[in-house]
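Have a look at coords_21.txt; it's compact mmCIF, C-alpha atoms and all ligand atoms:
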# COMPACT_ATOMS: atom_id res chain seq x y z
CA MET A 1 -12.41 -36.94 11.27
CA SER A 2 -15.74 -37.72 9.60
CA LYS A 3 -17.31 -35.94 6.67
CA PHE A 4 -20.37 -34.03 7.82
CA GLN A 5 -22.36 -34.53 4.61
CA ASP A 6 -21.91 -38.31 4.77
CA TYR A 7 -22.63 -38.71 8.47
CA ASN A 8 -26.00 -40.08 9.54
CA PHE A 9 -27.07 -38.25 12.69
CA SER A 10 -30.12 -40.42 13.31
CA GLY A 11 -30.51 -40.92 17.07
CA LYS A 12 -27.35 -38.88 17.79
CA LYS A 13 -26.92 -35.78 19.88
CA ALA A 14 -24.74 -33.38 17.91
CA LEU A 15 -22.83 -30.84 20.02
CA ILE A 16 -22.28 -28.01 17.55
CA ARG A 17 -19.89 -25.12 18.20
CA VAL A 18 -21.33 -22.14 16.34
CA ASP A 19 -20.30 -18.48 16.28
CA PHE A 20 -23.43 -16.61 17.33
CA ASN A 21 -21.45 -13.51 18.25
CA VAL A 22 -23.94 -11.17 16.55
CA PRO A 23 -24.46 -7.46 17.25
CA LEU A 24 -27.45 -6.43 19.41
CA ASP A 25 -28.96 -2.98 19.88
CA GLU A 26 -29.78 -1.49 23.30
CA ASN A 27 -33.13 -3.35 23.34
CA PHE A 28 -31.43 -6.70 22.68
CA ASN A 29 -32.63 -6.84 19.05
CA ILE A 30 -30.25 -8.52 16.64
CA THR A 31 -28.97 -5.96 14.13
CA ASP A 32 -27.12 -8.41 11.84
CA ASP A 33 -28.14 -12.08 11.86
CA ASN A 34 -25.82 -13.30 9.10
CA ARG A 35 -23.80 -15.52 11.39
CA MET A 36 -26.97 -17.16 12.70
CA LYS A 37 -28.37 -17.69 9.20
CA ALA A 38 -25.06 -19.17 8.10
CA ALA A 39 -25.32 -21.91 10.75
CA VAL A 40 -28.82 -22.99 9.75
CA PRO A 41 -27.94 -25.55 7.00
CA THR A 42 -25.71 -27.51 9.41
CA ILE A 43 -28.37 -27.56 12.12
CA LYS A 44 -31.11 -28.55 9.67
CA LYS A 45 -29.11 -31.45 8.25
CA VAL A 46 -28.73 -32.97 11.75
CA LEU A 47 -32.43 -32.49 12.50
CA SER A 48 -33.59 -33.91 9.19
CA ASP A 49 -31.42 -37.02 9.75
CA GLY A 50 -33.34 -37.58 13.00
CA GLY A 51 -30.69 -36.26 15.35
CA SER A 52 -30.89 -33.62 18.06
CA VAL A 53 -28.79 -30.47 18.31
CA ILE A 54 -26.99 -28.88 21.25
CA LEU A 55 -25.60 -25.49 20.29
CA MET A 56 -22.76 -23.78 22.09
CA SER A 57 -21.29 -20.35 21.39
CA HIS A 58 -19.53 -17.43 22.96
CA PHE A 59 -21.21 -14.04 22.91
CA GLY A 60 -19.24 -10.80 23.28
CA ARG A 61 -16.38 -10.51 25.70
CA PRO A 62 -17.90 -10.73 29.21
CA LYS A 63 -15.32 -9.98 31.88
CA ASP A 64 -16.93 -11.03 35.17
CA GLY A 65 -19.04 -14.14 34.72
CA PRO A 66 -22.75 -14.25 33.89
CA SER A 67 -24.58 -11.04 32.94
CA GLU A 68 -27.85 -10.11 31.26
CA LYS A 69 -26.04 -8.12 28.59
CA TYR A 70 -24.07 -11.10 27.34
CA SER A 71 -26.74 -13.77 27.67
CA LEU A 72 -27.47 -15.92 24.63
CA LYS A 73 -31.11 -16.10 25.70
CA HIS A 74 -31.68 -12.95 23.62
CA LEU A 75 -31.13 -15.06 20.50
CA VAL A 76 -33.59 -17.86 21.25
CA LYS A 77 -36.68 -16.34 19.64
CA HIS A 78 -34.95 -15.39 16.41
CA LEU A 79 -33.18 -18.72 16.17
CA SER A 80 -36.54 -20.51 16.52
CA GLU A 81 -37.86 -18.40 13.64
CA LEU A 82 -34.84 -19.15 11.45
CA LEU A 83 -35.10 -22.87 12.12
CA GLY A 84 -38.89 -23.06 12.07
CA THR A 85 -38.87 -25.05 15.30
CA ASP A 86 -38.80 -24.39 19.06
CA VAL A 87 -35.41 -23.82 20.63
CA GLN A 88 -34.87 -24.75 24.26
CA PHE A 89 -32.41 -22.82 26.41
CA ALA A 90 -30.14 -23.88 29.27
CA ASN A 91 -29.11 -21.12 31.69
CA ASP A 92 -25.63 -22.59 31.90
CA CYS A 93 -23.31 -24.36 29.47
CA ILE A 94 -22.14 -26.99 31.96
CA GLY A 95 -23.65 -28.31 35.22
CA GLU A 96 -26.92 -30.02 36.14
CA GLU A 97 -29.33 -28.03 33.98
CA ALA A 98 -27.22 -28.38 30.82
CA ILE A 99 -26.77 -32.12 31.45
CA GLN A 100 -30.46 -32.75 32.15
CA LYS A 101 -31.72 -30.73 29.22
CA SER A 102 -29.30 -32.30 26.77
CA GLN A 103 -30.08 -35.80 27.99
CA ALA A 104 -33.82 -35.19 27.65
CA LEU A 105 -33.51 -33.94 24.04
CA LYS A 106 -35.49 -35.98 21.54
CA PRO A 107 -34.71 -36.36 17.83
CA GLY A 108 -35.57 -33.14 16.00
CA GLU A 109 -35.12 -30.96 19.10
CA VAL A 110 -32.67 -28.07 19.59
CA LEU A 111 -31.04 -26.80 22.78
CA LEU A 112 -28.99 -23.61 23.02
CA LEU A 113 -26.51 -23.44 25.90
CA GLU A 114 -25.68 -20.22 27.74
CA ASN A 115 -22.59 -18.17 26.80
CA LEU A 116 -19.39 -20.24 27.06
CA ARG A 117 -17.40 -17.15 28.07
CA PHE A 118 -19.28 -16.89 31.36
CA TYR A 119 -16.52 -19.31 32.38
CA LYS A 120 -12.99 -17.95 32.16
CA GLN A 121 -11.92 -21.56 31.49
CA GLU A 122 -13.29 -21.20 27.94
CA GLU A 123 -10.75 -18.60 26.81
CA LYS A 124 -7.99 -20.27 28.83
CA GLY A 125 -8.53 -23.47 26.88
CA ASP A 126 -9.09 -25.39 30.11
CA GLU A 127 -9.08 -29.16 29.57
CA ALA A 128 -11.44 -30.07 32.42
CA PHE A 129 -13.99 -27.52 31.17
CA ALA A 130 -13.67 -28.82 27.59
CA GLU A 131 -14.18 -32.36 28.87
CA LYS A 132 -17.36 -31.36 30.72
CA LEU A 133 -18.72 -29.78 27.55
CA SER A 134 -17.83 -32.87 25.53
CA LYS A 135 -20.03 -35.06 27.75
CA LEU A 136 -23.14 -33.24 26.51
CA GLY A 137 -23.11 -34.73 22.99
CA ASP A 138 -22.26 -37.92 21.09
CA VAL A 139 -20.72 -36.11 18.16
CA TYR A 140 -18.75 -32.82 17.99
CA VAL A 141 -19.31 -30.53 15.03
CA ASN A 142 -17.21 -27.38 14.71
CA ASP A 143 -19.00 -24.82 12.55
CA ALA A 144 -17.61 -21.69 14.21
CA PHE A 145 -15.36 -20.29 11.50
CA GLY A 146 -15.55 -16.79 13.02
CA THR A 147 -13.87 -18.14 16.17
CA ALA A 148 -11.47 -20.59 14.51
CA HIS A 149 -8.50 -18.29 15.23
CA ARG A 150 -9.06 -18.69 18.99
CA ALA A 151 -7.44 -21.61 20.81
CA HIS A 152 -10.31 -21.90 23.28
CA ALA A 153 -11.80 -24.87 25.13
CA SER A 154 -14.83 -25.26 22.83
CA THR A 155 -12.95 -24.63 19.57
CA ALA A 156 -9.54 -26.23 19.93
CA ILE A 157 -9.37 -28.35 23.09
CA ILE A 158 -12.68 -30.21 23.07
CA ALA A 159 -11.91 -32.17 19.88
CA LYS A 160 -9.52 -34.49 21.70
CA PHE A 161 -12.40 -35.90 23.77
CA PHE A 162 -14.11 -37.35 20.71
CA PRO A 163 -12.87 -40.27 18.61
CA PRO A 164 -12.02 -39.40 14.98
CA GLU A 165 -15.28 -40.82 13.61
CA ASN A 166 -17.33 -38.62 15.94
CA LYS A 167 -15.87 -35.21 15.17
CA MET A 168 -16.14 -33.10 12.05
CA PHE A 169 -16.46 -29.63 10.58
CA GLY A 170 -19.93 -28.33 9.74
CA LEU A 171 -21.10 -27.03 6.38
CA LEU A 172 -20.26 -23.38 7.11
CA MET A 173 -16.71 -24.17 8.20
CA ASN A 174 -16.25 -26.27 5.07
CA SER A 175 -17.48 -23.58 2.70
CA GLU A 176 -15.43 -20.84 4.40
CA VAL A 177 -12.28 -22.93 4.09
CA ALA A 178 -13.08 -24.00 0.52
CA SER A 179 -13.61 -20.35 -0.53
CA ALA A 180 -10.41 -19.17 1.11
CA GLU A 181 -8.45 -22.08 -0.36
CA LYS A 182 -9.81 -21.35 -3.81
CA VAL A 183 -8.51 -17.79 -3.57
CA LEU A 184 -5.16 -18.67 -2.03
CA HIS A 185 -4.20 -21.82 -3.84
CA SER A 186 -6.16 -22.20 -7.05
CA SER A 187 -7.03 -18.69 -8.06
CA GLU A 188 -7.58 -17.96 -11.71
CA LYS A 189 -5.42 -15.04 -12.83
CA PRO A 190 -5.49 -12.06 -12.87
CA PHE A 191 -5.98 -12.21 -9.10
CA THR A 192 -6.57 -8.83 -7.47
CA ALA A 193 -6.43 -8.34 -3.72
CA ILE A 194 -8.09 -5.18 -2.43
CA ILE A 195 -6.76 -4.24 0.98
CA GLY A 196 -8.13 -1.29 2.89
CA GLY A 197 -8.98 -0.22 6.41
CA ALA A 198 -7.26 1.94 8.90
CA LYS A 199 -3.86 0.55 9.70
CA VAL A 200 -0.88 -0.81 7.78
CA SER A 201 0.26 -2.60 10.93
CA ASP A 202 -2.88 -4.80 10.88
CA LYS A 203 -2.38 -5.74 7.24
CA ILE A 204 1.38 -6.24 6.77
CA LEU A 205 1.23 -10.01 7.09
CA ILE A 206 -1.68 -10.40 4.70
CA ILE A 207 0.02 -8.17 2.09
CA GLU A 208 3.27 -10.14 2.47
CA ASN A 209 1.48 -13.43 1.99
CA LEU A 210 -0.47 -12.14 -1.02
CA LEU A 211 2.68 -10.88 -2.74
CA ASP A 212 3.37 -14.50 -3.66
CA ARG A 213 -0.11 -15.08 -5.05
CA ALA A 214 -1.78 -11.93 -6.38
CA THR A 215 -1.09 -10.25 -9.72
CA ASP A 216 -2.46 -6.91 -8.49
CA ILE A 217 -2.86 -5.42 -5.02
CA ILE A 218 -5.07 -2.38 -4.53
CA ILE A 219 -4.34 -0.47 -1.34
CA GLY A 220 -6.99 1.97 -0.13
CA GLY A 221 -8.34 3.36 3.12
CA GLY A 222 -6.33 5.08 5.80
CA MET A 223 -3.38 2.74 5.34
CA ALA A 224 -2.67 4.14 1.86
CA TYR A 225 -1.22 7.37 3.30
CA THR A 226 1.64 5.57 5.04
CA PHE A 227 2.59 4.30 1.57
CA PHE A 228 2.38 7.81 0.07
CA LYS A 229 4.56 9.08 2.89
CA ALA A 230 7.04 6.28 2.14
CA MET A 231 7.22 7.54 -1.45
CA GLY A 232 7.95 11.08 -0.30
CA GLY A 233 4.42 12.43 -0.70
CA GLN A 234 2.75 15.16 1.35
CA VAL A 235 -0.28 13.74 3.10
CA GLY A 236 -1.33 16.63 5.38
CA LYS A 237 -2.79 15.30 8.61
CA SER A 238 -3.99 11.98 7.09
CA LEU A 239 -3.57 8.85 9.15
CA VAL A 240 0.10 7.84 9.01
CA GLU A 241 1.87 5.24 11.07
CA GLU A 242 5.31 6.81 11.30
CA ASP A 243 6.83 3.58 12.60
CA ARG A 244 5.56 1.71 9.51
CA VAL A 245 6.82 4.04 6.81
CA ASP A 246 9.92 1.87 6.30
CA THR A 247 7.76 -1.27 6.22
CA ALA A 248 5.62 0.33 3.53
CA SER A 249 8.78 1.10 1.48
CA GLU A 250 9.92 -2.49 1.87
CA LEU A 251 6.54 -3.84 0.78
CA LEU A 252 6.62 -1.64 -2.32
CA LYS A 253 10.11 -2.87 -3.16
CA LYS A 254 9.19 -6.53 -2.61
CA ALA A 255 6.16 -6.09 -4.86
CA ALA A 256 8.32 -4.59 -7.60
CA ASP A 257 10.82 -7.47 -7.27
CA LYS A 258 8.05 -10.03 -7.54
CA GLY A 259 6.31 -8.28 -10.41
CA VAL A 260 3.11 -7.59 -8.44
CA ASN A 261 1.30 -4.39 -9.48
CA ILE A 262 0.50 -2.17 -6.51
CA HIS A 263 -2.32 0.32 -7.08
CA LEU A 264 -2.61 3.25 -4.68
CA PRO A 265 -5.45 5.80 -4.85
CA SER A 266 -4.05 8.63 -6.99
CA ASP A 267 -6.58 11.07 -5.53
CA SER A 268 -8.51 11.43 -2.27
CA ILE A 269 -11.56 13.04 -0.79
CA ILE A 270 -10.02 15.25 1.87
CA ALA A 271 -11.57 16.78 4.96
CA ASP A 272 -10.60 19.50 7.43
CA LYS A 273 -11.48 17.23 10.37
CA PHE A 274 -12.44 13.63 11.14
CA ALA A 275 -16.17 14.28 11.40
CA ALA A 276 -19.42 13.68 9.52
CA ASP A 277 -19.92 17.45 9.11
CA ALA A 278 -16.35 18.19 7.99
CA GLU A 279 -15.69 20.54 5.11
CA ILE A 280 -14.58 18.43 2.15
CA SER A 281 -12.58 18.83 -1.05
CA SER A 282 -10.46 16.64 -3.30
CA ALA A 283 -6.72 16.44 -3.92
CA LEU A 284 -4.02 14.24 -5.35
CA SER A 285 -3.11 11.82 -2.58
CA ASN A 286 0.59 12.80 -2.61
CA THR A 287 -0.07 16.55 -2.33
CA ILE A 288 -2.67 16.89 0.41
CA PRO A 289 -2.50 20.42 1.88
CA ASP A 290 -1.49 20.94 5.51
CA GLY A 291 -4.44 20.79 7.86
CA TRP A 292 -6.40 18.38 5.62
CA MET A 293 -6.72 14.61 5.79
CA GLY A 294 -7.68 11.95 3.23
CA LEU A 295 -10.80 10.12 4.36
CA ASP A 296 -11.81 8.38 1.14
CA ILE A 297 -10.39 7.52 -2.27
CA GLY A 298 -11.22 10.05 -4.99
CA ALA A 299 -12.95 9.82 -8.38
CA LEU A 300 -9.77 9.07 -10.39
CA ALA A 301 -8.84 6.28 -8.00
CA CYS A 302 -12.35 4.88 -8.18
CA ASP A 303 -12.11 4.71 -12.01
CA MET A 304 -8.65 3.20 -11.92
CA PHE A 305 -9.53 0.58 -9.29
CA THR A 306 -12.74 -0.29 -11.18
CA LYS A 307 -10.73 -1.07 -14.35
CA VAL A 308 -8.34 -3.36 -12.48
CA ILE A 309 -11.20 -5.16 -10.72
CA HIS A 310 -13.21 -5.56 -13.93
CA ASP A 311 -10.22 -7.28 -15.58
CA SER A 312 -9.80 -9.77 -12.70
CA LYS A 313 -10.79 -13.40 -12.56
CA THR A 314 -10.30 -13.67 -8.79
CA VAL A 315 -10.87 -10.91 -6.25
CA LEU A 316 -10.25 -10.84 -2.53
CA TRP A 317 -11.47 -7.80 -0.62
CA ASN A 318 -10.52 -6.98 2.95
CA GLY A 319 -11.03 -3.52 4.44
CA PRO A 320 -12.99 -0.40 3.36
CA MET A 321 -11.62 2.31 1.04
CA GLY A 322 -12.59 5.16 3.33
CA VAL A 323 -14.47 6.12 6.46
CA PHE A 324 -17.63 4.51 5.09
CA GLU A 325 -19.45 4.94 8.42
CA MET A 326 -19.84 8.64 7.46
CA GLU A 327 -21.91 9.42 4.40
CA LYS A 328 -19.46 11.93 2.92
CA PHE A 329 -16.73 9.28 2.77
CA GLN A 330 -18.74 6.29 1.52
CA HIS A 331 -18.31 6.75 -2.19
CA GLY A 332 -15.00 4.90 -2.61
CA THR A 333 -16.16 1.82 -0.73
CA ARG A 334 -19.44 1.78 -2.70
CA CYS A 335 -17.50 2.17 -5.94
CA VAL A 336 -15.28 -0.82 -5.14
CA ALA A 337 -18.32 -2.86 -4.01
CA GLN A 338 -19.99 -2.12 -7.35
CA ALA A 339 -16.86 -3.09 -9.28
CA VAL A 340 -16.54 -6.36 -7.34
CA ALA A 341 -20.23 -7.10 -8.06
CA ASP A 342 -19.66 -6.39 -11.79
CA ALA A 343 -16.63 -8.69 -11.87
CA THR A 344 -18.71 -11.42 -10.22
CA GLU A 345 -21.38 -11.03 -12.86
CA LYS A 346 -18.71 -11.42 -15.54
CA GLY A 347 -17.64 -14.73 -13.98
CA ALA A 348 -14.90 -13.84 -11.50
CA PHE A 349 -14.71 -15.58 -8.13
CA THR A 350 -14.98 -12.83 -5.53
CA LEU A 351 -14.55 -13.19 -1.80
CA VAL A 352 -15.21 -10.47 0.75
CA GLY A 353 -13.62 -11.32 4.05
CA GLY A 354 -12.88 -9.53 7.24
CA GLY A 355 -14.72 -7.17 9.48
CA ASP A 356 -15.65 -3.79 8.08
CA SER A 357 -15.65 -4.66 4.39
CA VAL A 358 -18.27 -7.31 5.18
CA SER A 359 -20.35 -4.70 7.07
CA ALA A 360 -19.98 -2.41 4.05
CA VAL A 361 -21.20 -4.93 1.44
CA ASN A 362 -24.12 -5.80 3.71
CA GLN A 363 -24.96 -2.15 4.36
CA PHE A 364 -24.77 -1.21 0.66
CA GLY A 365 -26.80 -4.25 -0.47
CA PHE A 366 -24.05 -6.08 -2.38
CA ALA A 367 -23.87 -9.23 -0.24
CA ASP A 368 -25.72 -11.42 -2.75
CA LYS A 369 -23.84 -9.92 -5.71
CA VAL A 370 -20.44 -11.34 -4.77
CA SER A 371 -19.37 -15.00 -4.78
CA TYR A 372 -18.74 -15.38 -1.07
CA VAL A 373 -19.06 -13.22 2.04
CA SER A 374 -17.14 -14.60 4.97
CA THR A 375 -18.60 -14.75 8.48
CA GLY A 376 -15.09 -14.39 9.86
CA GLY A 377 -13.33 -11.11 10.59
CA GLY A 378 -10.13 -11.85 12.45
CA ALA A 379 -10.36 -15.51 11.46
CA MET A 380 -10.39 -14.78 7.73
CA LEU A 381 -7.61 -12.23 8.10
CA GLU A 382 -5.41 -14.78 9.87
CA TYR A 383 -6.27 -17.39 7.26
CA PHE A 384 -5.08 -15.04 4.52
CA GLU A 385 -1.95 -14.28 6.49
CA GLY A 386 -1.15 -17.95 5.95
CA LYS A 387 -1.59 -19.00 9.58
CA GLU A 388 -3.05 -22.31 10.59
CA LEU A 389 -6.14 -21.59 12.69
CA PRO A 390 -6.26 -23.50 16.03
CA GLY A 391 -9.93 -24.45 15.56
CA ILE A 392 -9.04 -26.12 12.29
CA ALA A 393 -5.72 -27.61 13.37
CA ALA A 394 -7.30 -29.29 16.40
CA MET A 395 -9.43 -31.55 14.24
CA LYS A 396 -6.52 -32.97 12.30
N1 LIG B 1 -8.75 7.32 5.21
C1 LIG B 1 -9.08 6.83 6.41
N2 LIG B 1 -8.71 7.48 7.54
C2 LIG B 1 -9.04 6.99 8.74
N3 LIG B 1 -9.73 5.85 8.94
C3 LIG B 1 -10.13 5.17 7.85
C4 LIG B 1 -9.82 5.62 6.54
N4 LIG B 1 -10.33 4.73 5.67
C5 LIG B 1 -10.94 3.78 6.38
N5 LIG B 1 -10.84 4.03 7.69
C6 LIG B 1 -11.41 3.26 8.81
O1 LIG B 1 -10.88 1.97 8.84
C7 LIG B 1 -11.75 1.19 9.64
C8 LIG B 1 -11.67 -0.24 9.23
O2 LIG B 1 -10.36 -0.65 9.39
P1 LIG B 1 -9.94 -2.13 9.68
O3 LIG B 1 -10.44 -2.51 11.03
O4 LIG B 1 -8.49 -2.21 9.42
O5 LIG B 1 -10.73 -2.91 8.54
P2 LIG B 1 -11.38 -4.34 8.59
O6 LIG B 1 -12.17 -4.40 9.86
O7 LIG B 1 -12.25 -4.40 7.38
O8 LIG B 1 -10.25 -5.30 8.54
C9 LIG B 1 -13.14 1.77 9.43
O9 LIG B 1 -13.67 2.09 10.68
C10 LIG B 1 -12.88 3.01 8.61
O10 LIG B 1 -13.60 4.14 9.06
O1 LIG B 2 -16.66 -11.58 16.19
C1 LIG B 2 -15.63 -12.25 16.18
O2 LIG B 2 -14.46 -11.80 15.65
P1 LIG B 2 -14.38 -10.69 14.45
O3 LIG B 2 -14.99 -9.42 14.99
O4 LIG B 2 -12.90 -10.56 14.19
O5 LIG B 2 -15.12 -11.27 13.29
C2 LIG B 2 -15.58 -13.66 16.67
O6 LIG B 2 -16.82 -14.05 17.20
C3 LIG B 2 -14.46 -13.83 17.69
O7 LIG B 2 -14.71 -13.02 18.80
P2 LIG B 2 -13.49 -12.54 19.69
O8 LIG B 2 -12.65 -11.60 18.84
O9 LIG B 2 -14.11 -11.87 20.90
O10 LIG B 2 -12.70 -13.77 20.08

Go ahead and render the structure in this file as structure tokens.
Ligand SMILES: Nc1ncnc2c1ncn2[C@@H]1O[C@H](COP(=O)(O)OP(=O)(O)O)[C@@H](O)[C@H]1O
Ligand SMILES: O=C(OP(=O)(O)O)[C@H](O)COP(=O)(O)O
Amino acid sequence: MSKFQDYNFSGKKALIRVDFNVPLDENFNITDDNRMKAAVPTIKKVLSDGGSVILMSHFGRPKDGPSEKYSLKHLVKHLSELLGTDVQFANDCIGEEAIQKSQALKPGEVLLLENLRFYKQEEKGDEAFAEKLSKLGDVYVNDAFGTAHRAHASTAIIAKFFPPENKMFGLLMNSEVASAEKVLHSSEKPFTAIIGGAKVSDKILIIENLLDRATDIIIGGGMAYTFFKAMGGQVGKSLVEEDRVDTASELLKKAADKGVNIHLPSDSIIADKFAADAEISSALSNTIPDGWMGLDIGALACDMFTKVIHDSKTVLWNGPMGVFEMEKFQHGTRCVAQAVADATEKGAFTLVGGGDSVSAVNQFGFADKVSYVSTGGGAMLEYFEGKELPGIAAMK
């Protein structure tokens, strides 16, 4: 495998796998372009070397072949603006048009191929499909960190059709992996992992893996109530995964055995229903009255979590502290975002990775106040679970 920074792309056609799976509104306007922006440095390096760029990506989860809704053509205009150059578009990712347009590309030109998932062969990891894609470029660059946990044709299979010197990771993939590695394997202590979100079942593996690395683990969000239940608390009608109560007990015991401090939210903002207009109050998280549910961490928890985060040298944050989509239950997630930003200012390395916590830091304006915001949701989660991602393994 070559090193992207050292490779001279002059006269080469770089086939770059990006993750342009960005959200669109009903008028096909992009509502969050972070993943597109994150791919720009890689594309620009190829162009400035005097190479040309062929971009391939999936977009959404189309079920039945081509459709307007899932067409990547909606991204062309914005991509041209981000790159400051025209972007050509091929209405297919393989076949005559894709071949002709990629062959006709001149140095400095960019071509975006249509959605890879219009072919079911993409998700099946079909070899013949991967081989057809590989013919479009001289060099394969994988910069799609957000899709690195998928063993698909364009992420994991295609690499075998390029010799080692003509395949490499792009700049985004490299910085995602470097940030995750820094947290997992060379974190300065104290290392605090903040884990939130809805379900314990989604986060068991990440907590298990972090028990060997973190000094402190903060558990917030809906998943906290399964832990309170495991400790004999009364949690009203808060979200509880009954079949994970024993797992939560085991995790608490393992943490104690390993000397990892687990911090649960001592108090909660409680609501009479799961709704933006719910009646709200506050309560200790282990004595929530019947008929009420915890939808955010409370003020005491916010203070306590802030102290732990302020004392940390490394922070990993995955998952919101409450139902931050509703204004009444945003405070806890904002509070943690502020504390992570403060820690960053004091010199800690802070990484926000995974789905909704990334949306939250973007929404609350903290994205440039933390050390690194990952473009990967599921991919980052699996990385922190300790799994080898197929898109990364395939290059080795
Ligand atoms: N106390 C809670 N009760 C119910 N749902 C919650 C609670 N706290 C957070 N959530 C929800 O968890 C969801 C995010 O969970 P999850 O998908 O596990 O996180 P992530 O995508 O960051 O990994 C959000 O939609 C949020 O509203
Ligand atoms: O948006 C993505 O995943 P994410 O929502 O877990 O970050 C990636 O583009 C992967 O998409 P997929 O989950 O449809 O394979």

Ligand LIG 1 (chain B): which residues are within 9 Å, counting only C-alpha atoms and all ligand atoms, as an NGL selection string?
-> :A and (195-203 or 220-225 or 238-240 or 268-270 or 274 or 293-297 or 317-326 or 329 or 353-360 or 377-378 or 381)

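Among the candidate residues A:Lys106, A:Lys396, A:Pro23, A:Asp33, the one lying nearest to Lys160 (chain A) is A:Lys396, with distances computed using only C-alpha atoms.
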
Give me, as a Markdown table, the closest atom pair and its distance (Å, one decimal) for every residue of chain A within a cut-off of 10 Å of ligand LIG 2 (chain B), counting all atoms listed in the file, rows sorted by chain and rising number.
| residue | atom | partner | partner_atom | distance |
| --- | --- | --- | --- | --- |
| A:Val18 | CA | B:LIG2 | O6 | 9.3 |
| A:Asp19 | CA | B:LIG2 | O6 | 5.7 |
| A:Phe20 | CA | B:LIG2 | O6 | 7.1 |
| A:Asn21 | CA | B:LIG2 | O6 | 4.8 |
| A:Val22 | CA | B:LIG2 | O1 | 7.3 |
| A:Pro23 | CA | B:LIG2 | O1 | 8.9 |
| A:Arg35 | CA | B:LIG2 | O6 | 9.2 |
| A:Ser57 | CA | B:LIG2 | O6 | 8.8 |
| A:His58 | CA | B:LIG2 | O6 | 7.2 |
| A:Phe59 | CA | B:LIG2 | O6 | 7.2 |
| A:Gly60 | CA | B:LIG2 | O9 | 5.8 |
| A:Arg61 | CA | B:LIG2 | O9 | 5.5 |
| A:Pro62 | CA | B:LIG2 | O9 | 9.2 |
| A:Arg117 | CA | B:LIG2 | O9 | 9.5 |
| A:Glu123 | CA | B:LIG2 | O10 | 8.5 |
| A:Ala144 | CA | B:LIG2 | O6 | 8.2 |
| A:Phe145 | CA | B:LIG2 | C2 | 8.4 |
| A:Gly146 | CA | B:LIG2 | C2 | 4.8 |
| A:Thr147 | CA | B:LIG2 | C3 | 4.6 |
| A:Ala148 | CA | B:LIG2 | C3 | 8.0 |
| A:His149 | CA | B:LIG2 | C3 | 7.8 |
| A:Arg150 | CA | B:LIG2 | O10 | 6.2 |
| A:Ala151 | CA | B:LIG2 | O10 | 9.5 |
| A:His152 | CA | B:LIG2 | O10 | 9.1 |
| A:Gly353 | CA | B:LIG2 | O5 | 9.4 |
| A:Gly354 | CA | B:LIG2 | O5 | 6.7 |
| A:Gly355 | CA | B:LIG2 | O5 | 5.6 |
| A:Asp356 | CA | B:LIG2 | O3 | 8.9 |
| A:Val358 | CA | B:LIG2 | O5 | 9.6 |
| A:Ser374 | CA | B:LIG2 | O5 | 9.2 |
| A:Thr375 | CA | B:LIG2 | O5 | 6.9 |
| A:Gly376 | CA | B:LIG2 | O5 | 4.6 |
| A:Gly377 | CA | B:LIG2 | O5 | 3.2 |
| A:Gly378 | CA | B:LIG2 | O4 | 3.5 |
| A:Ala379 | CA | B:LIG2 | O4 | 6.2 |
| A:Met380 | CA | B:LIG2 | O5 | 8.1 |
| A:Leu381 | CA | B:LIG2 | O4 | 8.2 |
| A:Glu382 | CA | B:LIG2 | O4 | 9.6 |

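Considering all atoms listed in the file, the residue among A:Ala39, A:Ile99, A:Leu284, A:Ala276 positioned nearest to Phe228 (chain A) is A:Leu284.
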
Who sits within 9 Å of Ala299 (chain A), only C-alpha atoms, same chain under 4 positions skipped, as a PDB file with C-alpha atoms, keeping the file's coordinate frame:
ATOM      1  CA  ASP A 267      -6.580  11.070  -5.530  1.00  0.00           C
ATOM      2  CA  SER A 268      -8.510  11.430  -2.270  1.00  0.00           C
ATOM      3  CA  ILE A 269     -11.560  13.040  -0.790  1.00  0.00           C
ATOM      4  CA  SER A 282     -10.460  16.640  -3.300  1.00  0.00           C
ATOM      5  CA  ASP A 303     -12.110   4.710 -12.010  1.00  0.00           C
ATOM      6  CA  MET A 304      -8.650   3.200 -11.920  1.00  0.00           C
ATOM      7  CA  HIS A 331     -18.310   6.750  -2.190  1.00  0.00           C
ATOM      8  CA  GLY A 332     -15.000   4.900  -2.610  1.00  0.00           C
TER       9      GLY A 332
END

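Here the question is which of A:Ser266, A:Thr31, A:Thr42, A:Ser2 gets nearest to Asn362 (chain A) using only C-alpha atoms, and that residue is A:Thr31.
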
Non-local contacts of Phe349 (chain A) (12 Å; only C-alpha atoms; under 6 positions in same chain excluded) as a ChimeraX atom specification | /A:179-184,186-193,309-310,312-317,340-343,369-373

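Comparing the minimum interatomic distances between Ser80 (chain A) and each of A:Val110, A:Ile288, A:Leu389, A:Leu24, counting all atoms listed in the file, we find that A:Val110 sits nearest.
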
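Between CA of Lys13 (chain A) and CA of Met36 (chain A) lies a distance of 20.0 Å.
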
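Residues in contact range of Leu79 (chain A), defined as at most 12 Å between all atoms listed in the file, with sequence neighbours fewer than 6 positions away removed, read A:Phe20, A:Val22, A:Ile30, A:Asp33, A:Asn34, A:Arg35, A:Met36, A:Lys37, A:Ala38, A:Ala39, A:Val40, A:Ile43, A:Lys44, A:Leu55, A:Leu72, A:Lys73, A:Thr85, A:Asp86, A:Val87, A:Gln88, A:Phe89, A:Val110, A:Leu111, A:Leu112.
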
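The spacing separating CA of Glu242 (chain A) from CA of Val352 (chain A) amounts to 28.8 Å.
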
Starting from the point (-14.8, -34.9, 9.2), work out which residues of protein, DNA or RNA have an atom no more than 8 Å away when counting only C-alpha atoms; state them as a PyMOL selection string.
-> chain A and resi 1-4+164-165+167-169
